[in-house]
>>> print(open('input-v6.cif').read())   # mmCIF, C-alpha atoms and all ligand atoms
data_start
loop_
_atom_site.group_PDB
_atom_site.id
_atom_site.type_symbol
_atom_site.label_atom_id
_atom_site.label_comp_id
_atom_site.auth_asym_id
_atom_site.auth_seq_id
_atom_site.Cartn_x
_atom_site.Cartn_y
_atom_site.Cartn_z
ATOM 1 C CA MET A 73 -56.783 176.234 -212.447
ATOM 2 C CA LYS A 74 -55.115 172.834 -212.362
ATOM 3 C CA LYS A 75 -53.031 172.163 -209.243
ATOM 4 C CA ARG A 76 -49.285 172.068 -209.844
ATOM 5 C CA LEU A 77 -48.273 168.761 -208.341
ATOM 6 C CA ALA A 78 -44.661 167.814 -207.627
ATOM 7 C CA ILE A 79 -43.517 164.354 -206.711
ATOM 8 C CA TYR A 80 -40.681 163.764 -204.233
ATOM 9 C CA PRO A 81 -39.590 160.122 -204.440
ATOM 10 C CA GLY A 82 -37.161 158.359 -202.151
ATOM 11 C CA THR A 83 -36.498 155.469 -199.836
ATOM 12 C CA PHE A 84 -37.021 157.486 -196.629
ATOM 13 C CA ASP A 85 -35.634 154.714 -194.431
ATOM 14 C CA PRO A 86 -36.345 156.701 -192.251
ATOM 15 C CA ILE A 87 -37.288 160.298 -193.096
ATOM 16 C CA THR A 88 -34.715 162.772 -191.704
ATOM 17 C CA LEU A 89 -34.767 166.514 -191.041
ATOM 18 C CA GLY A 90 -32.846 166.840 -194.332
ATOM 19 C CA HIS A 91 -35.780 165.311 -196.233
ATOM 20 C CA LEU A 92 -38.170 167.548 -194.285
ATOM 21 C CA ASP A 93 -36.127 170.626 -195.228
ATOM 22 C CA ILE A 94 -36.496 169.697 -198.923
ATOM 23 C CA ILE A 95 -40.242 169.058 -198.525
ATOM 24 C CA GLU A 96 -40.742 172.451 -196.842
ATOM 25 C CA ARG A 97 -38.925 174.188 -199.705
ATOM 26 C CA ALA A 98 -40.960 172.237 -202.269
ATOM 27 C CA VAL A 99 -44.333 173.159 -200.750
ATOM 28 C CA SER A 100 -43.424 176.822 -201.025
ATOM 29 C CA ILE A 101 -43.245 176.559 -204.825
ATOM 30 C CA PHE A 102 -45.855 173.896 -205.702
ATOM 31 C CA ASP A 103 -49.574 173.586 -204.906
ATOM 32 C CA GLU A 104 -49.166 170.044 -203.732
ATOM 33 C CA VAL A 105 -46.217 167.763 -202.980
ATOM 34 C CA LEU A 106 -46.566 164.014 -203.153
ATOM 35 C CA VAL A 107 -43.871 162.359 -201.041
ATOM 36 C CA SER A 108 -43.611 158.868 -202.515
ATOM 37 C CA VAL A 109 -41.910 155.944 -200.876
ATOM 38 C CA GLY A 110 -40.222 153.599 -203.341
ATOM 39 C CA ARG A 111 -40.590 149.952 -202.506
ATOM 40 C CA ASN A 112 -37.142 149.517 -204.054
ATOM 41 C CA ILE A 113 -36.797 145.855 -204.797
ATOM 42 C CA GLY A 114 -33.021 146.345 -205.031
ATOM 43 C CA LYS A 115 -32.690 147.715 -201.484
ATOM 44 C CA GLN A 116 -33.346 145.919 -198.197
ATOM 45 C CA PRO A 117 -34.917 148.659 -196.064
ATOM 46 C CA LEU A 118 -34.992 148.549 -192.271
ATOM 47 C CA PHE A 119 -38.584 149.806 -192.155
ATOM 48 C CA SER A 120 -41.646 148.498 -194.003
ATOM 49 C CA VAL A 121 -43.454 150.764 -196.462
ATOM 50 C CA GLU A 122 -46.215 151.237 -193.864
ATOM 51 C CA GLU A 123 -43.736 152.267 -191.170
ATOM 52 C CA ARG A 124 -41.915 154.655 -193.513
ATOM 53 C CA THR A 125 -45.214 156.163 -194.715
ATOM 54 C CA GLU A 126 -46.424 156.716 -191.177
ATOM 55 C CA MET A 127 -43.145 158.406 -190.156
ATOM 56 C CA ILE A 128 -43.397 160.757 -193.170
ATOM 57 C CA GLU A 129 -47.047 161.538 -192.407
ATOM 58 C CA ARG A 130 -46.239 162.463 -188.832
ATOM 59 C CA THR A 131 -43.130 164.453 -189.788
ATOM 60 C CA THR A 132 -45.104 166.504 -192.349
ATOM 61 C CA ALA A 133 -48.376 166.796 -190.366
ATOM 62 C CA HIS A 134 -47.919 170.582 -190.088
ATOM 63 C CA LEU A 135 -47.941 170.971 -193.898
ATOM 64 C CA ASP A 136 -51.392 171.073 -195.551
ATOM 65 C CA ASN A 137 -50.333 170.468 -199.125
ATOM 66 C CA VAL A 138 -48.297 167.290 -198.595
ATOM 67 C CA LYS A 139 -49.586 163.815 -199.366
ATOM 68 C CA VAL A 140 -47.720 160.581 -198.744
ATOM 69 C CA THR A 141 -47.932 157.548 -201.022
ATOM 70 C CA TYR A 142 -45.759 154.688 -202.202
ATOM 71 C CA PHE A 143 -44.926 153.390 -205.645
ATOM 72 C CA ASP A 144 -43.592 150.299 -207.376
ATOM 73 C CA GLY A 145 -41.710 150.261 -210.636
ATOM 74 C CA LEU A 146 -40.601 153.323 -212.532
ATOM 75 C CA ILE A 147 -41.062 156.658 -210.805
ATOM 76 C CA VAL A 148 -41.761 158.375 -214.139
ATOM 77 C CA ASP A 149 -44.704 156.028 -214.795
ATOM 78 C CA TYR A 150 -46.074 156.746 -211.353
ATOM 79 C CA ALA A 151 -45.504 160.499 -211.749
ATOM 80 C CA ARG A 152 -47.334 160.480 -215.088
ATOM 81 C CA LYS A 153 -50.294 158.587 -213.612
ATOM 82 C CA GLN A 154 -50.531 161.072 -210.755
ATOM 83 C CA GLY A 155 -50.416 164.054 -213.114
ATOM 84 C CA ALA A 156 -47.186 165.469 -211.647
ATOM 85 C CA VAL A 157 -45.536 168.405 -213.427
ATOM 86 C CA ALA A 158 -42.222 168.135 -211.574
ATOM 87 C CA MET A 159 -39.977 165.769 -209.696
ATOM 88 C CA ILE A 160 -38.076 167.002 -206.638
ATOM 89 C CA ARG A 161 -34.666 165.704 -205.567
ATOM 90 C CA GLY A 162 -32.339 166.949 -202.867
ATOM 91 C CA LEU A 163 -28.714 167.837 -203.589
ATOM 92 C CA ARG A 164 -26.452 167.764 -200.568
ATOM 93 C CA ALA A 165 -22.968 167.826 -202.042
ATOM 94 C CA MET A 166 -21.044 167.168 -205.222
ATOM 95 C CA SER A 167 -21.098 163.482 -204.299
ATOM 96 C CA ASP A 168 -24.869 163.410 -205.001
ATOM 97 C CA PHE A 169 -24.482 165.131 -208.323
ATOM 98 C CA GLU A 170 -23.256 162.384 -210.614
ATOM 99 C CA PHE A 171 -25.938 159.869 -209.674
ATOM 100 C CA GLU A 172 -28.709 162.491 -209.666
ATOM 101 C CA PHE A 173 -27.574 163.901 -213.012
ATOM 102 C CA GLN A 174 -27.621 160.451 -214.589
ATOM 103 C CA MET A 175 -31.066 159.637 -213.153
ATOM 104 C CA ALA A 176 -32.447 163.001 -214.224
ATOM 105 C CA LEU A 177 -31.317 162.510 -217.815
ATOM 106 C CA VAL A 178 -32.799 159.015 -217.948
ATOM 107 C CA ASN A 179 -36.069 160.206 -216.411
ATOM 108 C CA ARG A 180 -36.210 163.152 -218.781
ATOM 109 C CA THR A 181 -35.796 160.820 -221.741
ATOM 110 C CA LEU A 182 -38.640 158.639 -220.443
ATOM 111 C CA PHE A 183 -40.934 161.548 -219.530
ATOM 112 C CA PRO A 184 -39.761 164.803 -221.180
ATOM 113 C CA ASP A 185 -42.573 166.939 -219.720
ATOM 114 C CA LEU A 186 -41.670 166.147 -216.116
ATOM 115 C CA VAL A 187 -39.479 169.034 -214.893
ATOM 116 C CA GLN A 188 -36.577 167.896 -212.713
ATOM 117 C CA VAL A 189 -36.150 170.231 -209.730
ATOM 118 C CA PHE A 190 -33.099 170.041 -207.444
ATOM 119 C CA LEU A 191 -33.260 171.730 -204.067
ATOM 120 C CA MET A 192 -30.421 172.359 -201.624
ATOM 121 C CA PRO A 193 -31.105 171.814 -197.937
ATOM 122 C CA HIS A 194 -29.912 174.102 -195.160
ATOM 123 C CA GLU A 195 -26.178 173.486 -194.644
ATOM 124 C CA ALA A 196 -26.938 171.935 -191.247
ATOM 125 C CA TYR A 197 -28.314 168.920 -193.133
ATOM 126 C CA THR A 198 -25.777 168.462 -195.907
ATOM 127 C CA HIS A 199 -23.980 165.690 -194.017
ATOM 128 C CA LEU A 200 -27.169 163.831 -193.181
ATOM 129 C CA ASN A 201 -28.517 160.631 -194.683
ATOM 130 C CA SER A 202 -30.778 157.821 -193.493
ATOM 131 C CA THR A 203 -27.917 155.307 -193.335
ATOM 132 C CA ILE A 204 -25.994 157.431 -190.825
ATOM 133 C CA VAL A 205 -29.131 157.939 -188.742
ATOM 134 C CA ARG A 206 -29.798 154.177 -188.636
ATOM 135 C CA GLU A 207 -26.185 153.473 -187.702
ATOM 136 C CA VAL A 208 -25.987 156.049 -184.911
ATOM 137 C CA SER A 209 -29.307 154.874 -183.506
ATOM 138 C CA SER A 210 -28.321 151.213 -183.661
ATOM 139 C CA PHE A 211 -25.352 152.004 -181.396
ATOM 140 C CA GLY A 212 -27.537 153.950 -178.981
ATOM 141 C CA GLY A 213 -26.309 157.411 -180.088
ATOM 142 C CA ASP A 214 -28.355 160.605 -179.830
ATOM 143 C CA ILE A 215 -30.182 161.255 -183.119
ATOM 144 C CA SER A 216 -32.398 164.082 -181.845
ATOM 145 C CA SER A 217 -30.791 166.653 -184.149
ATOM 146 C CA PHE A 218 -31.259 164.440 -187.225
ATOM 147 C CA VAL A 219 -34.903 163.288 -187.051
ATOM 148 C CA THR A 220 -38.186 164.270 -185.342
ATOM 149 C CA PRO A 221 -38.851 162.934 -181.820
ATOM 150 C CA TYR A 222 -41.424 160.486 -183.220
ATOM 151 C CA VAL A 223 -38.928 159.014 -185.723
ATOM 152 C CA ALA A 224 -36.242 158.853 -183.005
ATOM 153 C CA ASP A 225 -38.677 156.897 -180.867
ATOM 154 C CA VAL A 226 -39.557 154.457 -183.674
ATOM 155 C CA LEU A 227 -35.840 153.869 -184.324
ATOM 156 C CA HIS A 228 -35.142 153.375 -180.642
ATOM 157 C CA LYS A 229 -37.930 150.792 -180.407
ATOM 158 C CA LYS A 230 -36.722 149.004 -183.529
ATOM 159 C CA PHE A 231 -33.149 148.630 -182.287
ATOM 160 C CA HIS A 232 -33.371 148.543 -178.523
ATOM 161 C CA ILE A 233 -36.748 147.249 -177.482
ATOM 162 C CA ASN A 234 -37.905 144.695 -180.071
ATOM 163 C CA ASN A 235 -34.575 142.932 -179.808
ATOM 164 C CA GLU A 236 -34.593 142.540 -176.058
ATOM 165 C CA ASP A 237 -37.090 139.702 -175.910
HETATM 166 P P1 LIG A 301 -32.829 157.509 -202.434
HETATM 167 O O1 LIG A 301 -32.685 156.090 -202.046
HETATM 168 O O2 LIG A 301 -33.693 157.761 -203.627
HETATM 169 O O3 LIG A 301 -31.552 158.304 -202.425
HETATM 170 P P2 LIG A 301 -33.489 158.926 -200.047
HETATM 171 O O4 LIG A 301 -34.720 158.764 -199.239
HETATM 172 O O5 LIG A 301 -32.202 158.633 -199.374
HETATM 173 O O6 LIG A 301 -33.732 158.069 -201.305
HETATM 174 O O7 LIG A 301 -33.441 160.386 -200.623
HETATM 175 C C1 LIG A 301 -34.466 160.928 -201.382
HETATM 176 C C2 LIG A 301 -34.014 162.264 -201.905
HETATM 177 O O8 LIG A 301 -33.757 163.117 -200.818
HETATM 178 C C3 LIG A 301 -32.734 162.229 -202.731
HETATM 179 O O9 LIG A 301 -32.847 163.215 -203.738
HETATM 180 C C4 LIG A 301 -31.680 162.620 -201.748
HETATM 181 O O10 LIG A 301 -30.589 163.260 -202.383
HETATM 182 C C5 LIG A 301 -32.443 163.617 -200.906
HETATM 183 N N1 LIG A 301 -31.888 163.722 -199.559
HETATM 184 C C6 LIG A 301 -31.610 162.741 -198.682
HETATM 185 N N2 LIG A 301 -31.078 163.230 -197.538
HETATM 186 C C7 LIG A 301 -31.024 164.581 -197.713
HETATM 187 C C8 LIG A 301 -30.537 165.666 -196.917
HETATM 188 N N3 LIG A 301 -29.979 165.477 -195.730
HETATM 189 N N4 LIG A 301 -30.643 166.891 -197.427
HETATM 190 C C9 LIG A 301 -31.163 167.085 -198.644
HETATM 191 N N5 LIG A 301 -31.611 166.134 -199.467
HETATM 192 C C10 LIG A 301 -31.541 164.892 -199.006
#
>>> encode(input="input-v6.cif", output="structure tokens")
Amino acid sequence: MKKRLAIYPGTFDPITLGHLDIIERAVSIFDEVLVSVGRNIGKQPLFSVEERTEMIERTTAHLDNVKVTYFDGLIVDYARKQGAVAMIRGLRAMSDFEFEFQMALVNRTLFPDLVQVFLMPHEAYTHLNSTIVREVSSFGGDISSFVTPYVADVLHKKFHINNED
């Protein structure tokens, strides 16, 4: 039988425990989950695509049915090329809803067969986003409850070691 592949796109700058929570829920309902890093021409990410990909790979190393890739351009085009049957997005609070709803309707118009799946993280992660993690880390704050130790280390090096020379 054909594998049911879901695509989980995002910026992941960097991946947080909130993203991981969504990925773990997604793997329990799909055969394979493709976590796809958007190169996002509109955004100026802190980490390169390679750095973000590596952090996702390490954060999801315990999950067999997760693959990490990146994409350019429209996510629906990429999803179609990969043979995805669904697209995963995380919903933290009402504040996410309007943007996600709009995107989902646009994506559904462009690719009607791609099912849009919204997953809610554990409430411990509803306040969490990559921007907050970057900010706390840049000021030397403790981010150990927001990201994996590897990601915390990469952030620490980015802000507090590379800049010292
Ligand atoms: P984007 O730039 O597309 O919002 P993100 O990497 O910030 O990319 O997020 C990717 C997806 O993960 C989005 O659907 C976002 O709502 C969701 N997400 C981000 N942080 C969390 C979190 N703490 N809990 C649940 N979902 C989250």
>>> resolve_selection(input="input-v6.cif", expression="the PyMOL selection byres (((chain A and resi 144-160) around 6) and not hetatm)", output="number ranges by chain")
A: 77-80, 111, 143, 161, 186-190
>>> axis_aligned_box(input="input-v6.cif", around="ligand LIG 301 (chain A)", padding_each_side="4 Å", output="lines of an AutoDock Vina configuration file")
center_x = -32.3
center_y = 161.6
center_z = -199.7
size_x = 12.7
size_y = 19.0
size_z = 16.0
>>> residues_near_ligand(input="input-v6.cif", ligand="ligand LIG 301 (chain A)", cutoff="6 Å", atoms="only C-alpha atoms and all ligand atoms", output="tab-separated table (two decimals) with C-alpha atoms, keeping the file's coordinate frame")
chain	number	residue	atom	x	y	z
A	82	GLY	CA	-37.16	158.36	-202.15
A	83	THR	CA	-36.50	155.47	-199.84
A	84	PHE	CA	-37.02	157.49	-196.63
A	90	GLY	CA	-32.85	166.84	-194.33
A	91	HIS	CA	-35.78	165.31	-196.23
A	94	ILE	CA	-36.50	169.70	-198.92
A	161	ARG	CA	-34.67	165.70	-205.57
A	162	GLY	CA	-32.34	166.95	-202.87
A	163	LEU	CA	-28.71	167.84	-203.59
A	164	ARG	CA	-26.45	167.76	-200.57
A	193	PRO	CA	-31.10	171.81	-197.94
A	197	TYR	CA	-28.31	168.92	-193.13
A	198	THR	CA	-25.78	168.46	-195.91
A	200	LEU	CA	-27.17	163.83	-193.18
A	201	ASN	CA	-28.52	160.63	-194.68
>>> atom_distance(input="input-v6.cif", atom1="CA of Val109 (chain A)", atom2="CA of Val140 (chain A)")
7.7 Å
>>> atom_distance(input="input-v6.cif", atom1="CA of Ser108 (chain A)", atom2="CA of Leu92 (chain A)")
13.1 Å
>>> residues_around(input="input-v6.cif", residues="region 217-226 of chain A", least_positions_apart="6", cutoff="12 Å", atoms="all atoms listed in the file", output="VMD selection string")
chain A and resid 84 to 93 118 to 119 123 to 133 196 to 206 208 to 210 232 to 234
>>> closest_residue(input="input-v6.cif", among="A:Gln174, A:Asn137, A:Ser120, A:Thr181", to="Val107 (chain A)", atoms="only C-alpha atoms")
A:Asn137
>>> atom_distance(input="input-v6.cif", atom1="CA of Val138 (chain A)", atom2="CA of Ile95 (chain A)")
8.2 Å
>>> closest_residue(input="input-v6.cif", among="A:Pro81, A:Asn179, A:Ser167, A:Leu191", to="Lys139 (chain A)", atoms="only C-alpha atoms")
A:Pro81
